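Enquirer: So here's start_21.tsv, just TSV, C-alpha atoms and all ligand atoms:
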chain	number	residue	atom	x	y	z
A	1	MET	CA	114.17	118.30	93.22
A	2	PRO	CA	114.36	114.87	91.46
A	3	PRO	CA	117.81	113.28	91.12
A	4	ALA	CA	119.92	114.58	88.23
A	5	PRO	CA	119.65	111.55	85.86
A	6	LEU	CA	115.86	111.71	86.12
A	7	VAL	CA	115.88	115.44	85.41
A	8	CYS	CA	118.05	114.81	82.33
A	9	LEU	CA	115.73	112.09	81.06
A	10	LEU	CA	112.73	114.34	81.53
A	11	VAL	CA	114.49	117.19	79.77
A	12	VAL	CA	115.51	115.00	76.82
A	13	ALA	CA	111.95	113.62	76.57
A	14	TRP	CA	110.58	117.14	76.73
A	15	GLU	CA	113.09	118.37	74.15
A	16	SER	CA	112.10	115.70	71.64
A	17	HIS	CA	108.40	116.16	72.40
A	18	THR	CA	108.40	119.93	71.89
A	19	GLY	CA	111.14	120.13	69.28
A	20	ALA	CA	113.00	122.52	71.60
A	21	LYS	CA	116.73	123.10	71.29
A	22	PRO	CA	118.85	120.59	73.21
A	23	ILE	CA	119.95	121.88	76.56
A	24	PHE	CA	123.63	122.15	75.65
A	25	VAL	CA	122.73	124.73	72.99
A	26	VAL	CA	120.92	126.82	75.60
A	27	LYS	CA	123.84	126.46	78.00
A	28	ALA	CA	126.35	128.08	75.63
A	29	VAL	CA	127.48	131.47	76.94
A	30	ASN	CA	126.46	133.12	73.64
A	31	ALA	CA	122.93	131.65	73.58
A	32	ILE	CA	121.10	134.75	74.83
A	33	ARG	CA	120.15	137.51	72.41
A	34	THR	CA	117.55	139.47	74.36
A	35	LEU	CA	117.38	140.21	78.05
A	36	ILE	CA	114.20	141.72	79.51
A	37	VAL	CA	114.90	143.04	82.99
A	38	GLN	CA	112.30	143.99	85.60
A	39	ASN	CA	112.96	146.28	88.58
A	40	LEU	CA	116.01	147.93	87.03
A	41	VAL	CA	114.38	151.02	85.52
A	42	ILE	CA	112.12	153.34	87.53
A	43	SER	CA	110.30	156.58	86.86
A	44	ARG	CA	112.06	159.75	88.04
A	45	GLU	CA	108.72	161.26	89.06
A	46	SER	CA	107.46	158.30	91.07
A	47	PRO	CA	110.31	155.92	91.96
A	48	HIS	CA	107.83	153.17	92.89
A	49	ASP	CA	106.85	152.81	89.22
A	50	SER	CA	109.13	150.39	87.52
A	51	ALA	CA	109.12	149.43	83.83
A	52	PRO	CA	110.80	146.44	82.14
A	53	VAL	CA	113.79	147.33	79.97
A	54	THR	CA	114.79	145.33	76.90
A	55	LEU	CA	118.53	144.85	76.42
A	56	THR	CA	120.04	143.35	73.26
A	57	ALA	CA	123.30	141.42	72.94
A	58	ARG	CA	126.20	143.35	71.41
A	59	THR	CA	129.38	141.92	69.99
A	60	PRO	CA	132.36	143.38	71.86
A	61	ALA	CA	135.17	144.99	69.87
A	62	ALA	CA	138.26	142.80	69.50
A	63	ALA	CA	140.73	143.55	72.32
A	64	LYS	CA	143.48	145.78	70.97
A	65	GLY	CA	146.96	144.76	72.03
A	66	VAL	CA	149.11	147.39	73.75
A	67	TYR	CA	152.82	147.70	72.96
A	68	THR	CA	154.83	148.66	76.04
A	69	MET	CA	158.43	149.59	76.96
A	70	LYS	CA	159.13	146.90	79.56
A	71	PRO	CA	162.36	144.88	79.80
A	72	SER	CA	160.90	141.49	78.82
A	73	LEU	CA	158.61	141.60	75.78
A	74	ARG	CA	157.20	139.01	73.39
A	75	PRO	CA	158.99	139.27	70.05
A	76	ASP	CA	155.69	139.09	68.11
A	77	GLY	CA	153.85	141.63	70.26
A	78	PRO	CA	150.59	140.98	72.12
A	79	PRO	CA	149.34	137.40	71.58
A	80	ALA	CA	146.50	136.63	69.15
A	81	ARG	CA	143.10	135.67	70.55
A	82	ILE	CA	142.67	131.93	71.02
A	83	PRO	CA	140.06	130.83	68.41
A	84	SER	CA	136.55	130.65	69.84
A	85	GLY	CA	135.12	127.25	70.72
A	86	LEU	CA	131.53	128.53	70.88
A	87	PRO	CA	128.64	127.47	68.63
A	88	PRO	CA	126.97	130.19	66.47
A	89	PRO	CA	125.20	132.78	68.70
A	90	GLY	CA	121.74	131.75	69.90
A	91	ASN	CA	118.49	133.68	69.71
A	92	PHE	CA	117.12	133.10	73.18
A	93	GLN	CA	115.14	135.60	75.19
A	94	VAL	CA	115.64	135.66	78.93
A	95	ASN	CA	113.22	137.33	81.35
A	96	ALA	CA	114.96	138.43	84.50
A	97	SER	CA	114.32	140.58	87.51
A	98	ILE	CA	116.66	142.35	89.91
A	99	LEU	CA	116.67	140.86	93.40
A	100	ASP	CA	119.28	142.93	95.15
A	101	ILE	CA	122.18	145.36	94.75
A	102	LEU	CA	125.25	143.36	95.76
A	103	GLY	CA	127.81	146.14	95.51
A	104	SER	CA	129.14	149.02	93.52
A	105	GLY	CA	132.60	149.91	92.33
A	106	ARG	CA	134.56	152.26	90.10
A	107	CYS	CA	132.66	151.48	86.93
A	108	GLY	CA	129.18	150.44	88.01
A	109	SER	CA	127.06	148.23	90.23
A	110	VAL	CA	126.65	144.48	90.55
A	111	LEU	CA	123.06	143.32	90.86
A	112	GLU	CA	121.74	139.89	91.72
A	113	VAL	CA	119.24	138.65	89.13
A	114	ASP	CA	116.57	135.99	89.11
A	115	ILE	CA	115.77	134.33	85.78
A	116	SER	CA	112.05	133.65	85.38
A	117	SER	CA	111.99	132.27	81.85
A	118	ILE	CA	114.07	131.41	78.80
A	119	THR	CA	112.34	131.31	75.43
A	120	ASP	CA	113.70	130.41	72.02
A	121	ALA	CA	112.77	133.08	69.48
A	122	ASP	CA	113.55	130.60	66.67
A	123	GLY	CA	111.69	127.71	68.29
A	124	PRO	CA	108.19	126.41	67.57
A	125	ASN	CA	105.50	128.55	69.31
A	126	LEU	CA	108.22	130.59	71.02
A	127	GLY	CA	109.25	127.32	72.70
A	128	LEU	CA	109.63	127.75	76.41
A	129	ILE	CA	112.92	126.38	77.67
A	130	CYS	CA	112.63	125.21	81.22
A	131	PRO	CA	113.55	125.07	83.97
A	132	PRO	CA	116.04	127.98	83.81
A	133	GLU	CA	118.26	126.59	86.58
A	134	LEU	CA	119.23	123.67	84.32
A	135	CYS	CA	120.43	126.01	81.60
A	136	LEU	CA	122.00	128.86	83.56
A	137	PRO	CA	123.99	129.16	86.78
A	138	LYS	CA	123.15	131.86	89.35
A	139	LEU	CA	123.83	135.18	87.67
A	140	VAL	CA	124.63	138.81	88.36
A	141	LEU	CA	124.27	141.84	86.14
A	142	LYS	CA	127.14	144.32	86.16
A	143	VAL	CA	125.55	147.61	85.10
A	144	ALA	CA	127.76	150.53	84.06
A	145	ASP	CA	127.41	153.98	85.58
A	146	ALA	CA	126.29	156.52	82.96
A	147	ALA	CA	129.83	157.97	82.82
A	148	ARG	CA	131.57	154.57	82.55
A	149	LEU	CA	129.99	152.98	79.49
A	150	GLU	CA	133.33	152.70	77.69
A	151	ASP	CA	134.97	150.93	80.60
A	152	LEU	CA	132.25	148.29	80.58
A	153	GLY	CA	132.71	147.92	76.81
A	154	ASN	CA	136.40	147.29	77.50
A	155	GLU	CA	135.49	144.68	80.09
A	156	ALA	CA	133.20	142.99	77.54
A	157	SER	CA	136.15	142.78	75.13
A	158	MET	CA	138.34	141.30	77.87
A	159	TYR	CA	135.80	138.60	78.72
A	160	ASP	CA	135.57	137.77	75.03
A	161	GLU	CA	139.36	137.66	74.69
A	162	MET	CA	139.55	135.35	77.72
A	163	GLU	CA	136.82	132.95	76.54
A	164	ALA	CA	139.17	130.02	77.28
A	165	LEU	CA	139.45	131.09	80.94
A	166	GLN	CA	135.72	131.51	81.62
A	167	GLY	CA	134.70	128.94	84.22
A	168	VAL	CA	138.42	128.22	84.75
A	169	ALA	CA	139.89	131.35	86.32
A	170	ILE	CA	137.27	134.04	85.64
A	171	PRO	CA	133.44	133.98	85.71
A	172	ARG	CA	131.47	132.71	82.73
A	173	CYS	CA	130.15	135.71	80.83
A	174	TYR	CA	126.71	135.27	79.24
A	175	GLY	CA	126.99	138.39	77.14
A	176	TRP	CA	127.18	142.15	76.92
A	177	PHE	CA	123.76	143.79	76.58
A	178	GLU	CA	122.64	147.31	75.83
A	179	GLY	CA	119.38	149.25	75.73
A	180	THR	CA	118.05	152.72	76.45
A	181	VAL	CA	115.87	154.42	79.04
A	182	GLN	CA	113.92	157.63	78.51
A	183	PRO	CA	114.90	160.93	80.18
A	184	SER	CA	111.86	160.52	82.44
A	185	GLN	CA	113.36	157.28	83.77
A	186	ARG	CA	116.51	156.24	85.61
A	187	LEU	CA	118.21	153.05	86.76
A	188	ILE	CA	117.79	152.07	90.41
A	189	THR	CA	121.56	152.47	90.71
A	190	ASP	CA	121.65	156.01	89.25
A	191	ASP	CA	122.10	158.95	91.59
A	192	PRO	CA	118.63	160.57	91.75
A	193	GLU	CA	120.28	163.97	92.33
A	194	ALA	CA	122.51	163.77	89.25
A	195	PRO	CA	121.56	166.39	86.63
A	196	VAL	CA	119.64	164.92	83.68
A	197	PRO	CA	120.66	165.97	80.18
A	198	ALA	CA	117.41	167.30	78.69
A	199	HIS	CA	115.71	165.04	76.15
A	200	ARG	CA	118.62	162.65	76.12
A	201	SER	CA	117.92	158.99	76.70
A	202	ARG	CA	120.39	157.10	78.82
A	203	ARG	CA	122.27	154.19	77.32
A	204	VAL	CA	122.17	151.12	79.56
A	205	SER	CA	125.11	148.76	79.33
A	206	ALA	CA	125.43	145.54	81.29
A	207	LEU	CA	127.36	142.29	81.48
A	208	LEU	CA	125.54	139.11	82.47
A	209	LEU	CA	128.01	137.15	84.60
A	210	GLU	CA	128.11	133.95	86.60
A	211	LYS	CA	127.69	134.78	90.29
A	212	MET	CA	130.83	134.00	92.27
A	213	GLY	CA	131.29	132.42	95.71
A	214	GLY	CA	132.36	134.40	98.77
A	215	MET	CA	135.41	136.45	99.61
A	216	LEU	CA	138.64	134.81	100.74
A	217	PRO	CA	139.27	134.39	104.48
A	218	VAL	CA	141.37	136.99	106.26
A	219	GLY	CA	143.56	136.00	109.19
A	220	GLU	CA	144.12	132.39	108.18
A	221	ARG	CA	146.30	130.46	105.77
A	222	LEU	CA	144.75	129.37	102.55
A	223	PRO	CA	144.95	125.56	102.63
A	224	ASP	CA	146.89	125.14	99.40
A	225	ARG	CA	149.45	127.80	100.17
A	226	HIS	CA	152.39	126.13	98.41
A	227	VAL	CA	150.65	126.16	95.08
A	228	ARG	CA	148.34	129.06	95.64
A	229	LEU	CA	150.10	131.50	93.36
A	230	ASN	CA	149.41	129.16	90.48
A	231	HIS	CA	145.76	129.16	91.38
A	232	PHE	CA	145.41	132.85	91.16
A	233	PRO	CA	144.16	133.91	87.81
A	234	ALA	CA	146.44	136.90	87.74
A	235	ASP	CA	149.48	134.71	87.96
A	236	GLY	CA	149.01	131.57	86.00
A	237	HIS	CA	146.25	132.41	83.59
A	238	SER	CA	145.47	135.75	82.11
A	239	TYR	CA	149.26	135.91	81.73
A	240	GLN	CA	149.10	133.24	79.10
A	241	LEU	CA	146.78	135.45	77.10
A	242	GLY	CA	148.72	138.65	77.73
A	243	ILE	CA	145.95	140.19	79.84
A	244	GLU	CA	146.98	142.49	82.64
A	245	GLN	CA	144.18	142.93	85.15
A	246	GLN	CA	145.60	146.25	86.53
A	247	ASP	CA	143.42	146.15	89.62
A	248	MET	CA	144.53	143.08	91.57
A	249	ARG	CA	143.20	143.62	95.06
A	250	TYR	CA	141.38	141.77	97.81
A	251	ALA	CA	137.87	142.47	96.55
A	252	ASN	CA	138.70	141.19	93.07
A	253	ILE	CA	139.62	137.59	93.97
A	254	LEU	CA	136.70	135.42	94.98
A	255	TYR	CA	135.93	131.78	95.54
A	256	ALA	CA	134.50	129.94	92.56
A	257	PRO	CA	130.76	129.26	92.88
A	258	ASN	CA	129.74	125.86	94.18
A	259	ASN	CA	127.18	124.61	91.67
A	260	PRO	CA	127.49	120.95	90.62
A	261	ARG	CA	125.54	121.70	87.43
A	262	PHE	CA	128.12	124.31	86.41
A	263	PRO	CA	131.40	123.03	87.85
A	264	GLY	CA	134.73	124.75	87.30
A	265	LYS	CA	136.38	123.62	84.08
A	266	ILE	CA	139.76	121.92	84.06
A	267	CYS	CA	142.49	124.50	83.56
A	268	PRO	CA	144.22	124.03	80.21
A	269	TYR	CA	147.50	125.25	81.74
A	270	HIS	CA	147.52	123.41	85.07
A	271	GLY	CA	145.37	120.35	84.38
A	272	ARG	CA	143.15	120.86	87.44
A	273	VAL	CA	140.12	122.78	88.64
A	274	HIS	CA	141.00	126.00	90.44
A	275	PRO	CA	139.15	127.20	93.53
A	276	TYR	CA	139.46	130.95	92.86
A	277	ARG	CA	138.28	133.43	90.25
A	278	ALA	CA	139.48	136.93	89.35
A	279	ILE	CA	136.88	139.57	88.55
A	280	ASP	CA	136.74	143.19	87.43
A	281	PHE	CA	138.40	143.66	84.06
A	282	ASP	CA	137.09	147.13	83.19
A	283	ARG	CA	140.62	148.51	83.30
A	284	ALA	CA	142.36	145.39	81.97
A	285	ARG	CA	144.46	145.47	78.81
A	286	LYS	CA	146.20	143.05	76.49
A	287	THR	CA	149.97	143.57	76.63
A	288	ASP	CA	153.08	142.35	74.84
A	289	TRP	CA	154.67	141.13	78.09
A	290	THR	CA	156.36	137.76	78.42
A	291	LEU	CA	155.27	135.46	81.21
A	292	LYS	CA	158.37	136.61	83.10
A	293	GLN	CA	157.33	140.25	82.79
A	294	HIS	CA	153.81	139.50	84.01
A	295	TYR	CA	155.36	137.70	86.93
A	296	TYR	CA	157.59	140.67	87.84
A	297	GLU	CA	154.67	143.04	87.57
A	298	HIS	CA	152.32	141.08	89.80
A	299	VAL	CA	154.22	138.82	92.13
A	300	GLY	CA	154.83	141.81	94.39
A	301	THR	CA	151.20	142.91	94.44
A	302	LEU	CA	149.72	139.48	94.85
A	303	GLY	CA	152.39	138.11	97.19
A	304	ARG	CA	152.02	141.07	99.52
A	305	LEU	CA	148.25	140.88	99.38
A	306	LEU	CA	148.22	137.19	100.37
A	307	GLU	CA	150.81	137.63	103.12
A	308	THR	CA	149.00	140.54	104.72
A	309	MET	CA	145.67	138.69	104.43
A	310	GLU	CA	147.18	135.88	106.50
A	311	MET	CA	148.25	138.52	109.03
A	312	ASN	CA	144.62	139.61	109.26
A	313	MET	CA	145.02	142.80	107.24
A	314	ILE	CA	143.88	143.87	103.84
A	315	LEU	CA	146.53	145.86	102.04
A	316	GLU	CA	145.12	147.74	99.10
A	317	PRO	CA	147.41	148.45	96.13
A	318	TRP	CA	147.36	152.19	96.83
A	319	GLU	CA	148.72	151.57	100.35
A	320	TYR	CA	152.17	150.35	99.35
A	401	LIG	C1	108.87	138.39	79.39
A	401	LIG	O1	108.63	139.75	79.75
A	401	LIG	C2	107.84	140.48	78.81
A	401	LIG	C3	107.81	141.94	79.27
A	401	LIG	O2	107.41	142.05	80.61
A	401	LIG	C4	106.46	139.83	78.72
A	401	LIG	O3	105.68	140.52	77.76
A	401	LIG	C5	106.63	138.38	78.30
A	401	LIG	O4	105.37	137.75	78.30
A	401	LIG	C6	107.53	137.66	79.26
A	401	LIG	N1	107.76	136.30	78.76
A	401	LIG	C7	107.56	135.22	79.52
A	401	LIG	C8	107.80	133.92	78.87
A	401	LIG	O5	107.20	135.29	80.69
Would you write the structure of this file as structure tokens?
Expert:
Amino acid sequence: MPPAPLVCLLVVAWESHTGAKPIFVVKAVNAIRTLIVQNLVISRESPHDSAPVTLTARTPAAAKGVYTMKPSLRPDGPPARIPSGLPPPGNFQVNASILDILGSGRCGSVLEVDISSITDADGPNLGLICPPELCLPKLVLKVADAARLEDLGNEASMYDEMEALQGVAIPRCYGWFEGTVQPSQRLITDDPEAPVPAHRSRRVSALLLEKMGGMLPVGERLPDRHVRLNHFPADGHSYQLGIEQQDMRYANILYAPNNPRFPGKICPYHGRVHPYRAIDFDRARKTDWTLKQHYYEHVGTLGRLLETMEMNMILEPWEY
């Protein structure tokens, strides 16, 4: 790989030569309109036959604020969304294929994806934007289980609401995409034994998210212990926006990815780059709590989690 300045020069030369969109336009998290995914949809009859599925970007519903009955509430109710800093949505098409199933949870599965091409549907001759790794970080696709489509829609709204925290305290979200598969087909993550509603196509719903780093160490002190609570998204960050994660547990706090092309952004609240990211907002909600109330609600959960992690145990929220 040539050194970064050379790559940039080549890209700029190539951009002006082809009339392609400048790279910063492609890098915006709302640049992708169409996602064509290979190896996600297979035939029920012969599971070795896979067909590409076309998913289209959807605009998430605005997060509805929830009014609660807690002791310390904001006088004006749940906070308003911070105005978006994004450019107008792009019209790029991304071709991707599934590499691996990384895990599955309450609402769906997380799949590792490889991006093979990015094309600009508005560009001259369907201008090919390349190479993809300059425009996009490593990505995962979070695909909803058939019975959890609404939860993923909620998560899409939460990522939208927390735009200012993407790349700061939560992953960058490159969009919420939907499509359909025929009754004769299923997703690789669907249970093959599950009964199929006759003649009903299955809605596919997925979030395209920045892939995170690894899990936190268990049995050792995190190096920045004295300030660590401030680094945890649940404490210092989503609080500012009123978001309650509702599922703060070991598996949902990860290291930030280590990609010099897509570094963590400086936190608007703490003035530094944080090493951790919170994930999994399918059950999150926007509340009317004050910062103090958020603190009361979560300091117990998070404090206990971190303490027991240092003692080489993982204490799940349902265990205390
Ligand atoms: C993207 O995938 C579609 C469907 O497989 C294919 O027709 C198209 O040529 C691909 N585009 C590129 C640029 O590879």
Enquirer: Using only C-alpha atoms, find the one residue out of A:Pro263, A:Arg283, A:Met311, A:Ser116 that sits nearest to A:Gln245.
Expert: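 Closest to A:Gln245, using only C-alpha atoms: A:Arg283.
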Enquirer: Please report the interatomic distance between atom CA of A:Trp289 and atom CA of A:Glu244 in Å with one decimal.
Expert: 9.0 Å
Enquirer: For A:Met309, which residue among A:His48, A:Arg249, A:His274, A:Arg186 is the nearest when counting only C-alpha atoms?
Expert: A:Arg249
Enquirer: For A:Gly153, which residue out of A:Asp76, A:Asp120, A:Glu319, A:Glu178 is the nearest one, using all atoms listed in the file?
Expert: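 Among the listed residues, the smallest separation from A:Gly153 belongs to A:Glu178.
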Enquirer: Which residue is closest to ligand LIG 401 (chain A)? Choose from A:Asn30, A:Ser117, A:Thr56, A:Ser84 and count all atoms listed in the file.
Expert: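 For ligand LIG 401 (chain A), the nearest of the given residues is A:Ser117.
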Enquirer: Neighbours of ligand LIG 401 (chain A) at 7 Å or closer, counting all atoms listed in the file: which residues, as a PyMOL selection string?
Expert: chain A and resi 36+52+95+116-119+128
Enquirer: May I ask for the distance between atom CA of A:Glu310 and atom CA of A:Gly213, given in Å to one decimal place?
Expert: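 Interatomic distance, atom CA of A:Glu310 to atom CA of A:Gly213: 19.5 Å.
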Enquirer: Pick out the closest residue to A:Gly85 from this set: A:Asp49, A:Gln166, A:Ala278, A:Leu134. Count all atoms listed in the file.
Expert: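 Smallest separation from A:Gly85 among the options: A:Gln166.
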Enquirer: For the atom pair atom CA of A:Asn258 and atom CA of A:Gly105, what is the interatomic distance in Å to one decimal place?
Expert: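 Interatomic distance here is 24.3 Å.
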Enquirer: For each of A:Thr59, A:Ser201, A:Asn252, A:Thr180, take the minimum atom-to-atom distance to A:Ser157, counting all atoms listed in the file, then give the residue where this is smallest.
Expert: A:Thr59
Enquirer: Leaving out A:Asp191 and any residue of its chain fewer than 6 positions from it, which residues lie within 12 Å of it when counting only C-alpha atoms, given as a list in words?
Expert: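 Near neighbours after the sequence-gap exclusion: Arg44, Gly108, Ser109, Asp145, Ala146, Ala147 and Gln185 of chain A.
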Enquirer: What are the centre and edge lengths in Å, to one decimal, of the axis-aligned box around all listed atoms of stretch 274-288 of chain A with 4 Å added on each side, as AutoDock Vina command-line options?
Expert:
--center_x 144.9 --center_y 137.3 --center_z 84.2 --size_x 24.3 --size_y 30.5 --size_z 26.7
Enquirer: Please list as a VMD selection string every residue within 10 Å of A:Val181, counting all atoms listed in the file and excluding residues in the same chain fewer than 6 positions away.
Expert: chain A and resid 41 to 43 51 to 54 187 200 to 204
Enquirer: At a cut-off of 12 Å from (136.4, 132.9, 100.1) in the coordinates of the file, what residues are picked up using all atoms listed in the file, written as a ChimeraX atom specification?
Expert: /A:212-223,250-258,275-278,309
Enquirer: Those same residues - C-alpha atoms - I'd like them written as a CSV table (one decimal), in the frame of the given file.
Expert:
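Result file follows (part-v1.csv):
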chain,number,residue,atom,x,y,z
A,212,MET,CA,130.8,134.0,92.3
A,213,GLY,CA,131.3,132.4,95.7
A,214,GLY,CA,132.4,134.4,98.8
A,215,MET,CA,135.4,136.4,99.6
A,216,LEU,CA,138.6,134.8,100.7
A,217,PRO,CA,139.3,134.4,104.5
A,218,VAL,CA,141.4,137.0,106.3
A,219,GLY,CA,143.6,136.0,109.2
A,220,GLU,CA,144.1,132.4,108.2
A,221,ARG,CA,146.3,130.5,105.8
A,222,LEU,CA,144.8,129.4,102.6
A,223,PRO,CA,145.0,125.6,102.6
A,250,TYR,CA,141.4,141.8,97.8
A,251,ALA,CA,137.9,142.5,96.6
A,252,ASN,CA,138.7,141.2,93.1
A,253,ILE,CA,139.6,137.6,94.0
A,254,LEU,CA,136.7,135.4,95.0
A,255,TYR,CA,135.9,131.8,95.5
A,256,ALA,CA,134.5,129.9,92.6
A,257,PRO,CA,130.8,129.3,92.9
A,258,ASN,CA,129.7,125.9,94.2
A,275,PRO,CA,139.2,127.2,93.5
A,276,TYR,CA,139.5,131.0,92.9
A,277,ARG,CA,138.3,133.4,90.2
A,278,ALA,CA,139.5,136.9,89.4
A,309,MET,CA,145.7,138.7,104.4
Enquirer: When you look at A:Ser72 with a cut-off of 7 Å (counting only C-alpha atoms), what residues show up, excluding the ones that are within fewer than 2 positions of it in the same chain? I need them as a ChimeraX atom specification.
Expert: /A:70,289-290,292-293
Enquirer: With the input short on atoms, add all heavy atoms back to stretch 301-308 of chain A and write it as a PDB file, in the frame of the given file.
Expert:
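Printed below is rebuild09.pdb as written:
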ATOM      1  N   THR A 301     152.569 142.559  94.053  1.00  0.00           N
ATOM      2  CA  THR A 301     151.200 142.910  94.440  1.00  0.00           C
ATOM      3  C   THR A 301     150.503 141.736  95.106  1.00  0.00           C
ATOM      4  O   THR A 301     149.995 141.837  96.219  1.00  0.00           O
ATOM      5  CB  THR A 301     150.363 143.255  93.186  1.00  0.00           C
ATOM      6  OG1 THR A 301     151.200 143.857  92.225  1.00  0.00           O
ATOM      7  CG2 THR A 301     149.191 144.108  93.533  1.00  0.00           C
ATOM      8  N   LEU A 302     150.506 140.615  94.397  1.00  0.00           N
ATOM      9  CA  LEU A 302     149.720 139.480  94.850  1.00  0.00           C
ATOM     10  C   LEU A 302     150.356 138.835  96.079  1.00  0.00           C
ATOM     11  O   LEU A 302     149.664 138.474  97.029  1.00  0.00           O
ATOM     12  CB  LEU A 302     149.601 138.484  93.701  1.00  0.00           C
ATOM     13  CG  LEU A 302     148.467 137.510  93.799  1.00  0.00           C
ATOM     14  CD1 LEU A 302     147.142 138.239  93.894  1.00  0.00           C
ATOM     15  CD2 LEU A 302     148.466 136.610  92.573  1.00  0.00           C
ATOM     16  N   GLY A 303     151.685 138.712  96.062  1.00  0.00           N
ATOM     17  CA  GLY A 303     152.390 138.110  97.190  1.00  0.00           C
ATOM     18  C   GLY A 303     152.115 138.906  98.464  1.00  0.00           C
ATOM     19  O   GLY A 303     151.762 138.344  99.499  1.00  0.00           O
ATOM     20  N   ARG A 304     152.245 140.221  98.357  1.00  0.00           N
ATOM     21  CA  ARG A 304     152.020 141.070  99.520  1.00  0.00           C
ATOM     22  C   ARG A 304     150.573 140.980  99.990  1.00  0.00           C
ATOM     23  O   ARG A 304     150.295 140.929 101.171  1.00  0.00           O
ATOM     24  CB  ARG A 304     152.352 142.520  99.170  1.00  0.00           C
ATOM     25  CG  ARG A 304     153.469 143.075 100.034  1.00  0.00           C
ATOM     26  CD  ARG A 304     153.915 144.416  99.541  1.00  0.00           C
ATOM     27  NE  ARG A 304     154.192 144.379  98.105  1.00  0.00           N
ATOM     28  CZ  ARG A 304     154.946 145.268  97.478  1.00  0.00           C
ATOM     29  NH1 ARG A 304     155.502 146.243  98.149  1.00  0.00           N
ATOM     30  NH2 ARG A 304     155.156 145.190  96.179  1.00  0.00           N
ATOM     31  N   LEU A 305     149.667 140.968  99.026  1.00  0.00           N
ATOM     32  CA  LEU A 305     148.250 140.880  99.380  1.00  0.00           C
ATOM     33  C   LEU A 305     147.988 139.608 100.191  1.00  0.00           C
ATOM     34  O   LEU A 305     147.367 139.650 101.245  1.00  0.00           O
ATOM     35  CB  LEU A 305     147.398 140.893  98.100  1.00  0.00           C
ATOM     36  CG  LEU A 305     145.910 140.632  98.297  1.00  0.00           C
ATOM     37  CD1 LEU A 305     145.264 141.764  99.090  1.00  0.00           C
ATOM     38  CD2 LEU A 305     145.197 140.483  96.960  1.00  0.00           C
ATOM     39  N   LEU A 306     148.494 138.466  99.692  1.00  0.00           N
ATOM     40  CA  LEU A 306     148.220 137.190 100.370  1.00  0.00           C
ATOM     41  C   LEU A 306     148.883 137.139 101.739  1.00  0.00           C
ATOM     42  O   LEU A 306     148.299 136.659 102.705  1.00  0.00           O
ATOM     43  CB  LEU A 306     148.701 136.025  99.496  1.00  0.00           C
ATOM     44  CG  LEU A 306     147.936 135.860  98.189  1.00  0.00           C
ATOM     45  CD1 LEU A 306     148.583 134.792  97.326  1.00  0.00           C
ATOM     46  CD2 LEU A 306     146.483 135.509  98.449  1.00  0.00           C
ATOM     47  N   GLU A 307     150.127 137.645 101.834  1.00  0.00           N
ATOM     48  CA  GLU A 307     150.810 137.630 103.120  1.00  0.00           C
ATOM     49  C   GLU A 307     150.071 138.467 104.161  1.00  0.00           C
ATOM     50  O   GLU A 307     149.872 138.041 105.290  1.00  0.00           O
ATOM     51  CB  GLU A 307     152.225 138.199 102.971  1.00  0.00           C
ATOM     52  CG  GLU A 307     153.277 137.123 102.883  1.00  0.00           C
ATOM     53  CD  GLU A 307     154.549 137.663 102.260  1.00  0.00           C
ATOM     54  OE1 GLU A 307     154.970 138.770 102.654  1.00  0.00           O
ATOM     55  OE2 GLU A 307     155.102 136.979 101.381  1.00  0.00           O
ATOM     56  N   THR A 308     149.662 139.676 103.745  1.00  0.00           N
ATOM     57  CA  THR A 308     149.000 140.540 104.720  1.00  0.00           C
ATOM     58  C   THR A 308     147.615 139.984 105.072  1.00  0.00           C
ATOM     59  O   THR A 308     147.170 140.113 106.200  1.00  0.00           O
ATOM     60  CB  THR A 308     148.887 141.983 104.221  1.00  0.00           C
ATOM     61  OG1 THR A 308     148.320 141.976 102.916  1.00  0.00           O
ATOM     62  CG2 THR A 308     150.243 142.656 104.186  1.00  0.00           C
TER      63      THR A 308
END
